[in-house]
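In what follows, a single structure is set out as structure tokens and then discussed.
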Amino acid sequence: MTALVMDSVFSWLEDSWFSEVVRGTAYLYPVLESVHIIGIALLIGPAAAFDLRLLGLGRRTLRVTTAAHHLLRLSHLGFVIAAVTGVAMFVPGAGLIADRGSAPWKLGLILLAGLNILIFHRRTYRNVADWDMEQPTPVAARLAAIVSLTSWSGVTIAGRLLAYT
């Protein structure tokens with residue numbers, strides 16, 4: 001898309017009724033920020049714990065499938081909360097936020113994390129029965145864990161930079 005089209009889209013978003021509600025409702029933006037942080041915690045905390053299990057922590061005591069069952073549900077909930085509140089905070093200042101240097105990094109790292117999740121679950125996790133407990137985690141799963149930890153940490157850093165640059 002050209003810059004002119006993007007500017008038009010951002011202007012349209014900023015002029016929307018939703019933007020007016022977010023800007024015009026006392027305390028709504030700080031509440032959105034607070035809920036966004038809770039969403040981030042629910043996303044990254046359980047995901048990081050699962051990634052650490054993939055890296056071998058608790059290999060003899062906790063099945064990968066058990067960790068996935070309990071932790072990734074919370075992580076999915078956290079993602080939904082963070083995504084909804086993130087969009088709600090983005091819309092009122094879309095043009096300004098999109099112009100910040102950390103914006104493409106945040107979006108790119110979110111896409112990388114999502115692609116990593118997709119590849120992990122479509123390929124590596126399919127044969128989890130072979131390495132669910134006590135077996136060394138395959139290199140592909142360990143690599144996915146490292147990419148996950150790195151990309152979600154980068155998303156968090158880039159997100160904080162959006163607020164302060």
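Residue numbering restarts at 1 in every chain; chains get A, B, ... in the order shown in the structure tokens, and ligands count up from 1 in that same order.
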
query = Neighbours of Ala103 in chain A within 10 Å (only C-alpha atoms; same-chain residues fewer than 2 positions away dropped), as a PyMOL selection string?
reply = chain A and resi 97-101+105-109+155+158-159+161-162

Put those residues in a file: all heavy atoms, as an mmCIF file, in the first residue's frame.
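Produced file selection-v6.cif, reproduced below:
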```
data_model
loop_
_atom_site.group_PDB
_atom_site.id
_atom_site.type_symbol
_atom_site.label_atom_id
_atom_site.label_comp_id
_atom_site.auth_asym_id
_atom_site.auth_seq_id
_atom_site.Cartn_x
_atom_site.Cartn_y
_atom_site.Cartn_z
ATOM 1 N N ILE A 97 1.191 6.699 15.994
ATOM 2 C CA ILE A 97 1.814 5.447 16.445
ATOM 3 C C ILE A 97 2.512 4.740 15.289
ATOM 4 O O ILE A 97 3.627 4.238 15.434
ATOM 5 C CB ILE A 97 0.769 4.534 17.122
ATOM 6 C CG1 ILE A 97 0.268 5.175 18.424
ATOM 7 C CG2 ILE A 97 1.335 3.149 17.390
ATOM 8 C CD1 ILE A 97 -0.944 4.512 19.032
ATOM 9 N N ALA A 98 1.862 4.709 14.120
ATOM 10 C CA ALA A 98 2.450 4.030 12.970
ATOM 11 C C ALA A 98 3.749 4.689 12.515
ATOM 12 O O ALA A 98 4.609 4.020 11.932
ATOM 13 C CB ALA A 98 1.451 3.991 11.819
ATOM 14 N N ASP A 99 3.906 5.976 12.777
ATOM 15 C CA ASP A 99 5.128 6.694 12.389
ATOM 16 C C ASP A 99 6.303 6.434 13.327
ATOM 17 O O ASP A 99 7.427 6.802 13.016
ATOM 18 C CB ASP A 99 4.868 8.205 12.322
ATOM 19 C CG ASP A 99 4.183 8.608 11.036
ATOM 20 O OD1 ASP A 99 4.204 7.813 10.072
ATOM 21 O OD2 ASP A 99 3.626 9.726 10.996
ATOM 22 N N ARG A 100 6.056 5.844 14.444
ATOM 23 C CA ARG A 100 7.135 5.581 15.399
ATOM 24 C C ARG A 100 7.998 4.437 14.910
ATOM 25 O O ARG A 100 7.507 3.457 14.343
ATOM 26 C CB ARG A 100 6.553 5.288 16.772
ATOM 27 C CG ARG A 100 5.826 6.525 17.291
ATOM 28 C CD ARG A 100 5.563 6.473 18.733
ATOM 29 N NE ARG A 100 5.080 7.769 19.173
ATOM 30 C CZ ARG A 100 4.171 7.942 20.102
ATOM 31 N NH1 ARG A 100 3.658 6.895 20.706
ATOM 32 N NH2 ARG A 100 3.797 9.138 20.456
ATOM 33 N N GLY A 101 9.290 4.549 15.145
ATOM 34 C CA GLY A 101 10.245 3.565 14.641
ATOM 35 C C GLY A 101 10.051 2.167 15.171
ATOM 36 O O GLY A 101 10.407 1.190 14.512
ATOM 37 N N TRP A 105 8.690 -2.862 14.016
ATOM 38 C CA TRP A 105 9.351 -3.937 14.770
ATOM 39 C C TRP A 105 8.333 -4.734 15.563
ATOM 40 O O TRP A 105 8.362 -5.968 15.573
ATOM 41 C CB TRP A 105 10.415 -3.370 15.702
ATOM 42 C CG TRP A 105 11.648 -2.976 14.975
ATOM 43 C CD1 TRP A 105 12.000 -1.712 14.569
ATOM 44 C CD2 TRP A 105 12.696 -3.844 14.540
ATOM 45 N NE1 TRP A 105 13.194 -1.762 13.903
ATOM 46 C CE2 TRP A 105 13.643 -3.047 13.873
ATOM 47 C CE3 TRP A 105 12.899 -5.212 14.643
ATOM 48 C CZ2 TRP A 105 14.790 -3.586 13.319
ATOM 49 C CZ3 TRP A 105 14.043 -5.754 14.092
ATOM 50 C CH2 TRP A 105 14.976 -4.945 13.441
ATOM 51 N N LYS A 106 7.424 -4.035 16.237
ATOM 52 C CA LYS A 106 6.422 -4.736 17.031
ATOM 53 C C LYS A 106 5.552 -5.608 16.135
ATOM 54 O O LYS A 106 5.347 -6.793 16.422
ATOM 55 C CB LYS A 106 5.552 -3.750 17.814
ATOM 56 C CG LYS A 106 4.517 -4.446 18.683
ATOM 57 C CD LYS A 106 3.769 -3.506 19.584
ATOM 58 C CE LYS A 106 2.801 -4.302 20.453
ATOM 59 N NZ LYS A 106 2.118 -3.468 21.432
ATOM 60 N N LEU A 107 5.047 -5.033 15.048
ATOM 61 C CA LEU A 107 4.202 -5.801 14.140
ATOM 62 C C LEU A 107 4.966 -6.968 13.528
ATOM 63 O O LEU A 107 4.460 -8.093 13.473
ATOM 64 C CB LEU A 107 3.646 -4.899 13.036
ATOM 65 C CG LEU A 107 2.724 -5.573 12.032
ATOM 66 C CD1 LEU A 107 1.518 -6.204 12.712
ATOM 67 C CD2 LEU A 107 2.278 -4.575 10.979
ATOM 68 N N GLY A 108 6.194 -6.733 13.100
ATOM 69 C CA GLY A 108 7.001 -7.797 12.503
ATOM 70 C C GLY A 108 7.284 -8.927 13.478
ATOM 71 O O GLY A 108 7.217 -10.109 13.113
ATOM 72 N N LEU A 109 7.568 -8.579 14.722
ATOM 73 C CA LEU A 109 7.846 -9.612 15.727
ATOM 74 C C LEU A 109 6.585 -10.383 16.103
ATOM 75 O O LEU A 109 6.651 -11.590 16.385
ATOM 76 C CB LEU A 109 8.506 -8.991 16.959
ATOM 77 C CG LEU A 109 9.952 -8.555 16.734
ATOM 78 C CD1 LEU A 109 10.431 -7.661 17.878
ATOM 79 C CD2 LEU A 109 10.872 -9.764 16.576
ATOM 80 N N VAL A 155 8.558 -8.075 21.180
ATOM 81 C CA VAL A 155 7.244 -7.428 21.061
ATOM 82 C C VAL A 155 7.007 -6.531 22.278
ATOM 83 O O VAL A 155 6.547 -5.390 22.154
ATOM 84 C CB VAL A 155 6.114 -8.477 20.926
ATOM 85 C CG1 VAL A 155 4.743 -7.838 21.110
ATOM 86 C CG2 VAL A 155 6.196 -9.192 19.596
ATOM 87 N N ALA A 158 9.362 -3.448 22.073
ATOM 88 C CA ALA A 158 8.894 -2.530 21.032
ATOM 89 C C ALA A 158 7.605 -1.832 21.452
ATOM 90 O O ALA A 158 7.412 -0.638 21.174
ATOM 91 C CB ALA A 158 8.701 -3.277 19.707
ATOM 92 N N GLY A 159 6.733 -2.561 22.133
ATOM 93 C CA GLY A 159 5.491 -1.964 22.624
ATOM 94 C C GLY A 159 5.735 -0.874 23.628
ATOM 95 O O GLY A 159 5.082 0.178 23.623
ATOM 96 N N LEU A 161 8.441 0.901 23.783
ATOM 97 C CA LEU A 161 9.047 2.007 23.042
ATOM 98 C C LEU A 161 7.989 2.840 22.310
ATOM 99 O O LEU A 161 8.181 4.040 22.110
ATOM 100 C CB LEU A 161 10.105 1.481 22.063
ATOM 101 C CG LEU A 161 11.391 0.993 22.708
ATOM 102 C CD1 LEU A 161 12.286 0.325 21.664
ATOM 103 C CD2 LEU A 161 12.130 2.120 23.401
ATOM 104 N N LEU A 162 6.888 2.209 21.894
ATOM 105 C CA LEU A 162 5.806 2.970 21.265
ATOM 106 C C LEU A 162 5.301 4.069 22.183
ATOM 107 O O LEU A 162 4.940 5.154 21.729
ATOM 108 C CB LEU A 162 4.625 2.053 20.911
ATOM 109 C CG LEU A 162 4.749 1.167 19.689
ATOM 110 C CD1 LEU A 162 3.517 0.280 19.565
ATOM 111 C CD2 LEU A 162 4.952 1.979 18.436
#
```

request  = Name the residues in contact with Gly58 in chain A at a cut-off of 10 Å, using only C-alpha atoms, excluding same-chain residues fewer than 4 positions from it; report them as a list in words.
outcome  = Leu52, Arg53, Leu54, Leu62, Arg63, Val64, Ala67, Met133 and Glu134 of chain A

ask   = By how many Å are CA of His36 in chain A and CA of Thr66 in chain A apart?
value = 27.1 Å

Mind the document's chain letters and residue numbers, and return as a CSV table (one decimal) with N, CA, C and O atoms, in the first residue's frame the residues of range 33-155 of chain A that DSSP labels alpha helix (DSSP H).
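The result, written out as states27.csv:
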```csv
chain,number,residue,atom,x,y,z
A,33,GLU,N,-4.9,0.4,28.9
A,33,GLU,CA,-3.5,0.1,29.1
A,33,GLU,C,-3.3,-1.0,30.2
A,33,GLU,O,-2.5,-1.9,30.0
A,34,SER,N,-4.0,-0.8,31.3
A,34,SER,CA,-3.9,-1.8,32.4
A,34,SER,C,-4.3,-3.2,32.0
A,34,SER,O,-3.6,-4.2,32.3
A,35,VAL,N,-5.4,-3.3,31.3
A,35,VAL,CA,-5.9,-4.6,30.9
A,35,VAL,C,-5.0,-5.1,29.8
A,35,VAL,O,-4.8,-6.4,29.8
A,36,HIS,N,-4.4,-4.3,29.0
A,36,HIS,CA,-3.4,-4.7,28.0
A,36,HIS,C,-2.2,-5.4,28.7
A,36,HIS,O,-1.8,-6.4,28.2
A,37,ILE,N,-1.8,-4.8,29.7
A,37,ILE,CA,-0.6,-5.3,30.5
A,37,ILE,C,-1.0,-6.7,31.1
A,37,ILE,O,-0.2,-7.6,31.1
A,38,ILE,N,-2.2,-6.8,31.6
A,38,ILE,CA,-2.7,-8.1,32.1
A,38,ILE,C,-2.7,-9.1,31.0
A,38,ILE,O,-2.3,-10.3,31.2
A,39,GLY,N,-3.2,-8.7,29.8
A,39,GLY,CA,-3.2,-9.6,28.7
A,39,GLY,C,-1.8,-10.1,28.3
A,39,GLY,O,-1.6,-11.2,28.0
A,40,ILE,N,-0.9,-9.1,28.3
A,40,ILE,CA,0.5,-9.5,28.0
A,40,ILE,C,1.1,-10.5,29.0
A,40,ILE,O,1.7,-11.4,28.6
A,41,ALA,N,0.8,-10.2,30.2
A,41,ALA,CA,1.3,-11.2,31.3
A,41,ALA,C,0.7,-12.6,31.1
A,41,ALA,O,1.4,-13.6,31.2
A,42,LEU,N,-0.6,-12.6,30.8
A,42,LEU,CA,-1.3,-13.9,30.5
A,42,LEU,C,-0.8,-14.6,29.2
A,42,LEU,O,-0.8,-15.8,29.1
A,43,LEU,N,-0.4,-13.8,28.3
A,43,LEU,CA,0.2,-14.3,27.0
A,43,LEU,C,1.6,-14.8,27.2
A,43,LEU,O,1.9,-16.0,27.0
A,44,ILE,N,2.5,-13.9,27.7
A,44,ILE,CA,3.9,-14.2,27.7
A,44,ILE,C,4.3,-15.1,28.9
A,44,ILE,O,5.1,-16.0,28.7
A,45,GLY,N,3.7,-15.0,30.1
A,45,GLY,CA,4.1,-15.8,31.2
A,45,GLY,C,3.9,-17.3,30.9
A,45,GLY,O,4.8,-18.1,31.0
A,46,PRO,N,2.7,-17.7,30.6
A,46,PRO,CA,2.5,-19.2,30.3
A,46,PRO,C,3.3,-19.6,29.1
A,46,PRO,O,3.8,-20.7,29.0
A,47,ALA,N,3.4,-18.8,28.0
A,47,ALA,CA,4.1,-19.1,26.9
A,47,ALA,C,5.6,-19.4,27.2
A,47,ALA,O,6.2,-20.3,26.8
A,48,ALA,N,6.1,-18.5,28.1
A,48,ALA,CA,7.5,-18.6,28.5
A,48,ALA,C,7.7,-19.9,29.3
A,48,ALA,O,8.7,-20.6,29.1
A,49,ALA,N,6.8,-20.2,30.2
A,49,ALA,CA,6.9,-21.4,31.0
A,49,ALA,C,6.8,-22.7,30.1
A,49,ALA,O,7.6,-23.6,30.2
A,50,PHE,N,6.0,-22.6,29.0
A,50,PHE,CA,5.9,-23.7,28.1
A,50,PHE,C,7.3,-23.8,27.3
A,50,PHE,O,7.8,-24.9,27.1
A,51,ASP,N,7.8,-22.7,26.9
A,51,ASP,CA,9.0,-22.7,26.2
A,51,ASP,C,10.2,-23.2,27.0
A,51,ASP,O,11.0,-24.0,26.5
A,52,LEU,N,10.2,-22.9,28.3
A,52,LEU,CA,11.2,-23.4,29.2
A,52,LEU,C,11.1,-24.9,29.3
A,52,LEU,O,12.1,-25.7,29.4
A,53,ARG,N,9.8,-25.4,29.3
A,53,ARG,CA,9.7,-26.9,29.3
A,53,ARG,C,10.2,-27.5,28.0
A,53,ARG,O,10.9,-28.5,28.1
A,54,LEU,N,10.0,-26.8,26.9
A,54,LEU,CA,10.6,-27.3,25.6
A,54,LEU,C,12.1,-27.3,25.7
A,54,LEU,O,12.7,-28.2,25.1
A,64,VAL,N,5.1,-32.7,28.1
A,64,VAL,CA,5.0,-31.5,27.2
A,64,VAL,C,3.5,-31.3,27.0
A,64,VAL,O,3.0,-30.2,27.0
A,65,THR,N,2.7,-32.4,26.7
A,65,THR,CA,1.3,-32.3,26.5
A,65,THR,C,0.5,-31.7,27.6
A,65,THR,O,-0.4,-30.9,27.5
A,66,THR,N,0.9,-32.1,28.9
A,66,THR,CA,0.3,-31.5,30.1
A,66,THR,C,0.6,-30.0,30.2
A,66,THR,O,-0.3,-29.2,30.4
A,67,ALA,N,1.8,-29.6,30.0
A,67,ALA,CA,2.2,-28.2,30.0
A,67,ALA,C,1.4,-27.5,28.9
A,67,ALA,O,0.9,-26.4,29.2
A,68,ALA,N,1.4,-28.0,27.7
A,68,ALA,CA,0.6,-27.3,26.6
A,68,ALA,C,-0.8,-27.2,27.0
A,68,ALA,O,-1.4,-26.1,26.8
A,69,HIS,N,-1.4,-28.2,27.5
A,69,HIS,CA,-2.9,-28.2,27.8
A,69,HIS,C,-3.2,-27.1,28.8
A,69,HIS,O,-4.2,-26.4,28.6
A,70,HIS,N,-2.4,-26.9,29.8
A,70,HIS,CA,-2.7,-26.0,30.9
A,70,HIS,C,-2.2,-24.6,30.5
A,70,HIS,O,-2.9,-23.6,30.8
A,71,LEU,N,-1.0,-24.5,30.0
A,71,LEU,CA,-0.3,-23.2,29.8
A,71,LEU,C,-0.8,-22.5,28.6
A,71,LEU,O,-1.0,-21.2,28.6
A,72,LEU,N,-1.0,-23.2,27.5
A,72,LEU,CA,-1.3,-22.5,26.2
A,72,LEU,C,-2.7,-22.0,26.2
A,72,LEU,O,-3.0,-21.0,25.5
A,73,ARG,N,-3.6,-22.6,27.0
A,73,ARG,CA,-5.0,-22.0,27.1
A,73,ARG,C,-4.9,-20.6,27.6
A,73,ARG,O,-5.6,-19.7,27.2
A,74,LEU,N,-4.1,-20.4,28.7
A,74,LEU,CA,-4.0,-19.1,29.3
A,74,LEU,C,-3.3,-18.1,28.3
A,74,LEU,O,-3.7,-17.0,28.2
A,75,SER,N,-2.3,-18.7,27.6
A,75,SER,CA,-1.6,-17.8,26.7
A,75,SER,C,-2.6,-17.4,25.5
A,75,SER,O,-2.5,-16.2,25.1
A,76,HIS,N,-3.4,-18.2,25.1
A,76,HIS,CA,-4.4,-17.8,24.1
A,76,HIS,C,-5.3,-16.8,24.6
A,76,HIS,O,-5.6,-15.8,23.9
A,77,LEU,N,-5.8,-16.9,25.8
A,77,LEU,CA,-6.7,-15.9,26.4
A,77,LEU,C,-5.9,-14.6,26.5
A,77,LEU,O,-6.5,-13.5,26.2
A,78,GLY,N,-4.7,-14.6,27.0
A,78,GLY,CA,-3.9,-13.4,27.0
A,78,GLY,C,-3.7,-12.7,25.7
A,78,GLY,O,-3.7,-11.5,25.6
A,79,PHE,N,-3.5,-13.5,24.6
A,79,PHE,CA,-3.3,-13.0,23.3
A,79,PHE,C,-4.6,-12.2,22.9
A,79,PHE,O,-4.5,-11.1,22.4
A,80,VAL,N,-5.8,-12.8,23.1
A,80,VAL,CA,-7.0,-12.2,22.7
A,80,VAL,C,-7.2,-10.8,23.5
A,80,VAL,O,-7.5,-9.8,22.9
A,81,ILE,N,-6.9,-10.9,24.8
A,81,ILE,CA,-7.0,-9.6,25.6
A,81,ILE,C,-6.0,-8.6,25.1
A,81,ILE,O,-6.4,-7.4,24.9
A,82,ALA,N,-4.8,-9.0,24.9
A,82,ALA,CA,-3.8,-8.0,24.5
A,82,ALA,C,-4.1,-7.5,23.1
A,82,ALA,O,-3.9,-6.3,22.8
A,83,ALA,N,-4.5,-8.3,22.2
A,83,ALA,CA,-4.9,-7.9,20.8
A,83,ALA,C,-6.0,-6.9,20.8
A,83,ALA,O,-5.9,-5.9,20.1
A,84,VAL,N,-7.1,-7.2,21.5
A,84,VAL,CA,-8.3,-6.4,21.5
A,84,VAL,C,-7.9,-5.0,22.1
A,84,VAL,O,-8.3,-4.0,21.6
A,85,THR,N,-7.3,-5.0,23.3
A,85,THR,CA,-6.9,-3.7,23.9
A,85,THR,C,-5.9,-3.0,23.1
A,85,THR,O,-5.9,-1.8,23.1
A,86,GLY,N,-4.9,-3.7,22.5
A,86,GLY,CA,-3.9,-3.1,21.7
A,86,GLY,C,-4.5,-2.3,20.5
A,86,GLY,O,-4.2,-1.2,20.2
A,87,VAL,N,-5.5,-3.0,19.8
A,87,VAL,CA,-6.1,-2.3,18.7
A,87,VAL,C,-6.9,-1.1,19.2
A,87,VAL,O,-6.9,0.0,18.6
A,88,ALA,N,-7.6,-1.3,20.4
A,88,ALA,CA,-8.4,-0.2,20.9
A,88,ALA,C,-7.5,1.0,21.3
A,88,ALA,O,-7.9,2.2,21.1
A,89,MET,N,-6.3,0.8,21.7
A,89,MET,CA,-5.4,1.9,22.0
A,89,MET,C,-4.7,2.5,20.7
A,89,MET,O,-4.4,3.6,20.7
A,90,PHE,N,-4.6,1.6,19.7
A,90,PHE,CA,-3.9,2.1,18.5
A,90,PHE,C,-4.8,3.0,17.7
A,90,PHE,O,-4.4,4.0,17.1
A,94,ALA,N,-3.6,6.3,15.4
A,94,ALA,CA,-3.1,5.4,14.4
A,94,ALA,C,-1.9,6.0,13.7
A,94,ALA,O,-0.9,5.4,13.5
A,95,GLY,N,-2.1,7.2,13.1
A,95,GLY,CA,-1.0,7.8,12.3
A,95,GLY,C,0.2,8.1,13.1
A,95,GLY,O,1.3,7.8,12.7
A,96,LEU,N,0.0,8.7,14.3
A,96,LEU,CA,1.2,9.0,15.2
A,96,LEU,C,1.9,7.7,15.6
A,96,LEU,O,3.2,7.6,15.5
A,97,ILE,N,1.2,6.7,16.0
A,97,ILE,CA,1.8,5.4,16.4
A,97,ILE,C,2.5,4.7,15.3
A,97,ILE,O,3.6,4.2,15.4
A,98,ALA,N,1.9,4.7,14.1
A,98,ALA,CA,2.4,4.0,13.0
A,98,ALA,C,3.7,4.7,12.5
A,98,ALA,O,4.6,4.0,11.9
A,102,SER,N,9.5,2.0,16.3
A,102,SER,CA,9.3,0.7,16.9
A,102,SER,C,8.0,0.0,16.4
A,102,SER,O,7.9,-1.2,16.6
A,103,ALA,N,7.1,0.7,15.8
A,103,ALA,CA,5.9,0.1,15.3
A,103,ALA,C,6.1,-1.0,14.3
A,103,ALA,O,5.5,-2.1,14.5
A,104,PRO,N,6.9,-0.9,13.3
A,104,PRO,CA,7.1,-2.0,12.4
A,104,PRO,C,7.8,-3.2,13.1
A,104,PRO,O,7.6,-4.3,12.7
A,105,TRP,N,8.7,-2.9,14.0
A,105,TRP,CA,9.4,-3.9,14.8
A,105,TRP,C,8.3,-4.7,15.6
A,105,TRP,O,8.4,-6.0,15.6
A,106,LYS,N,7.4,-4.0,16.2
A,106,LYS,CA,6.4,-4.7,17.0
A,106,LYS,C,5.6,-5.6,16.1
A,106,LYS,O,5.3,-6.8,16.4
A,107,LEU,N,5.0,-5.0,15.0
A,107,LEU,CA,4.2,-5.8,14.1
A,107,LEU,C,5.0,-7.0,13.5
A,107,LEU,O,4.5,-8.1,13.5
A,108,GLY,N,6.2,-6.7,13.1
A,108,GLY,CA,7.0,-7.8,12.5
A,108,GLY,C,7.3,-8.9,13.5
A,108,GLY,O,7.2,-10.1,13.1
A,109,LEU,N,7.6,-8.6,14.7
A,109,LEU,CA,7.8,-9.6,15.7
A,109,LEU,C,6.6,-10.4,16.1
A,109,LEU,O,6.7,-11.6,16.4
A,110,ILE,N,5.4,-9.7,16.1
A,110,ILE,CA,4.2,-10.4,16.3
A,110,ILE,C,3.9,-11.4,15.2
A,110,ILE,O,3.5,-12.6,15.5
A,111,LEU,N,4.2,-11.0,14.0
A,111,LEU,CA,4.0,-11.9,12.8
A,111,LEU,C,5.0,-13.1,12.9
A,111,LEU,O,4.6,-14.2,12.6
A,112,LEU,N,6.3,-12.8,13.3
A,112,LEU,CA,7.3,-13.8,13.5
A,112,LEU,C,6.8,-14.8,14.6
A,112,LEU,O,6.9,-16.1,14.4
A,113,ALA,N,6.3,-14.3,15.7
A,113,ALA,CA,5.9,-15.2,16.8
A,113,ALA,C,4.7,-16.1,16.3
A,113,ALA,O,4.6,-17.3,16.6
A,114,GLY,N,3.8,-15.5,15.5
A,114,GLY,CA,2.6,-16.2,15.0
A,114,GLY,C,3.0,-17.3,14.0
A,114,GLY,O,2.5,-18.4,14.1
A,115,LEU,N,4.0,-17.0,13.1
A,115,LEU,CA,4.5,-17.9,12.2
A,115,LEU,C,5.2,-19.1,12.9
A,115,LEU,O,5.0,-20.3,12.6
A,116,ASN,N,6.0,-18.7,13.9
A,116,ASN,CA,6.7,-19.7,14.7
A,116,ASN,C,5.7,-20.7,15.4
A,116,ASN,O,5.8,-21.9,15.4
A,117,ILE,N,4.6,-20.2,15.9
A,117,ILE,CA,3.5,-21.0,16.6
A,117,ILE,C,2.9,-21.9,15.5
A,117,ILE,O,2.7,-23.1,15.8
A,118,LEU,N,2.6,-21.3,14.4
A,118,LEU,CA,2.0,-22.1,13.3
A,118,LEU,C,2.9,-23.3,12.9
A,118,LEU,O,2.4,-24.4,12.8
A,119,ILE,N,4.1,-23.0,12.6
A,119,ILE,CA,5.1,-24.1,12.2
A,119,ILE,C,5.2,-25.1,13.3
A,119,ILE,O,5.2,-26.3,13.0
A,120,PHE,N,5.4,-24.6,14.5
A,120,PHE,CA,5.6,-25.6,15.7
A,120,PHE,C,4.4,-26.5,15.8
A,120,PHE,O,4.6,-27.7,15.9
A,121,HIS,N,3.2,-26.0,15.7
A,121,HIS,CA,2.0,-26.9,16.0
A,121,HIS,C,1.6,-27.7,14.7
A,121,HIS,O,1.1,-28.8,14.9
A,122,ARG,N,2.0,-27.2,13.5
A,122,ARG,CA,1.7,-28.0,12.3
A,122,ARG,C,2.7,-29.0,12.0
A,122,ARG,O,2.4,-30.0,11.3
A,139,VAL,N,15.4,-30.8,18.3
A,139,VAL,CA,16.1,-29.5,18.0
A,139,VAL,C,15.0,-28.5,17.5
A,139,VAL,O,15.0,-27.3,17.9
A,140,ALA,N,14.1,-28.9,16.6
A,140,ALA,CA,13.1,-28.0,16.1
A,140,ALA,C,12.2,-27.4,17.2
A,140,ALA,O,11.9,-26.3,17.1
A,141,ALA,N,11.9,-28.2,18.2
A,141,ALA,CA,11.1,-27.7,19.3
A,141,ALA,C,11.9,-26.7,20.1
A,141,ALA,O,11.3,-25.7,20.6
A,142,ARG,N,13.1,-27.0,20.4
A,142,ARG,CA,14.0,-26.1,21.2
A,142,ARG,C,14.2,-24.8,20.4
A,142,ARG,O,14.2,-23.7,21.0
A,143,LEU,N,14.4,-24.9,19.1
A,143,LEU,CA,14.5,-23.7,18.3
A,143,LEU,C,13.2,-22.9,18.3
A,143,LEU,O,13.3,-21.6,18.5
A,144,ALA,N,12.1,-23.5,18.2
A,144,ALA,CA,10.8,-22.8,18.3
A,144,ALA,C,10.7,-22.1,19.7
A,144,ALA,O,10.2,-21.0,19.7
A,145,ALA,N,11.1,-22.8,20.8
A,145,ALA,CA,11.1,-22.1,22.1
A,145,ALA,C,12.0,-20.9,22.1
A,145,ALA,O,11.6,-19.9,22.7
A,146,ILE,N,13.1,-21.0,21.6
A,146,ILE,CA,14.1,-19.8,21.6
A,146,ILE,C,13.5,-18.7,20.7
A,146,ILE,O,13.5,-17.5,21.1
A,147,VAL,N,12.9,-19.0,19.6
A,147,VAL,CA,12.3,-18.0,18.7
A,147,VAL,C,11.1,-17.3,19.5
A,147,VAL,O,10.9,-16.1,19.4
A,148,SER,N,10.3,-18.2,20.1
A,148,SER,CA,9.2,-17.7,20.9
A,148,SER,C,9.6,-16.7,22.0
A,148,SER,O,9.1,-15.6,22.1
A,149,LEU,N,10.6,-17.2,22.8
A,149,LEU,CA,11.0,-16.3,23.9
A,149,LEU,C,11.6,-15.0,23.4
A,149,LEU,O,11.3,-13.9,24.0
A,150,THR,N,12.4,-15.1,22.3
A,150,THR,CA,13.0,-13.9,21.8
A,150,THR,C,12.0,-12.9,21.1
A,150,THR,O,12.0,-11.7,21.4
A,151,SER,N,11.1,-13.5,20.3
A,151,SER,CA,10.1,-12.6,19.6
A,151,SER,C,9.1,-12.0,20.6
A,151,SER,O,8.9,-10.8,20.5
A,152,TRP,N,8.6,-12.7,21.6
A,152,TRP,CA,7.7,-12.1,22.5
A,152,TRP,C,8.3,-11.1,23.4
A,152,TRP,O,7.7,-10.1,23.8
A,153,SER,N,9.6,-11.3,23.7
A,153,SER,CA,10.3,-10.3,24.5
A,153,SER,C,10.5,-9.1,23.6
A,153,SER,O,10.3,-7.9,24.1
A,154,GLY,N,10.8,-9.3,22.4
A,154,GLY,CA,11.0,-8.1,21.5
A,154,GLY,C,9.7,-7.4,21.3
A,154,GLY,O,9.7,-6.1,21.2
A,155,VAL,N,8.6,-8.1,21.2
A,155,VAL,CA,7.2,-7.4,21.1
A,155,VAL,C,7.0,-6.5,22.3
A,155,VAL,O,6.5,-5.4,22.2
```

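We find CA of Glu14 in chain A and CA of Pro92 in chain A to be spaced 4.7 Å apart.
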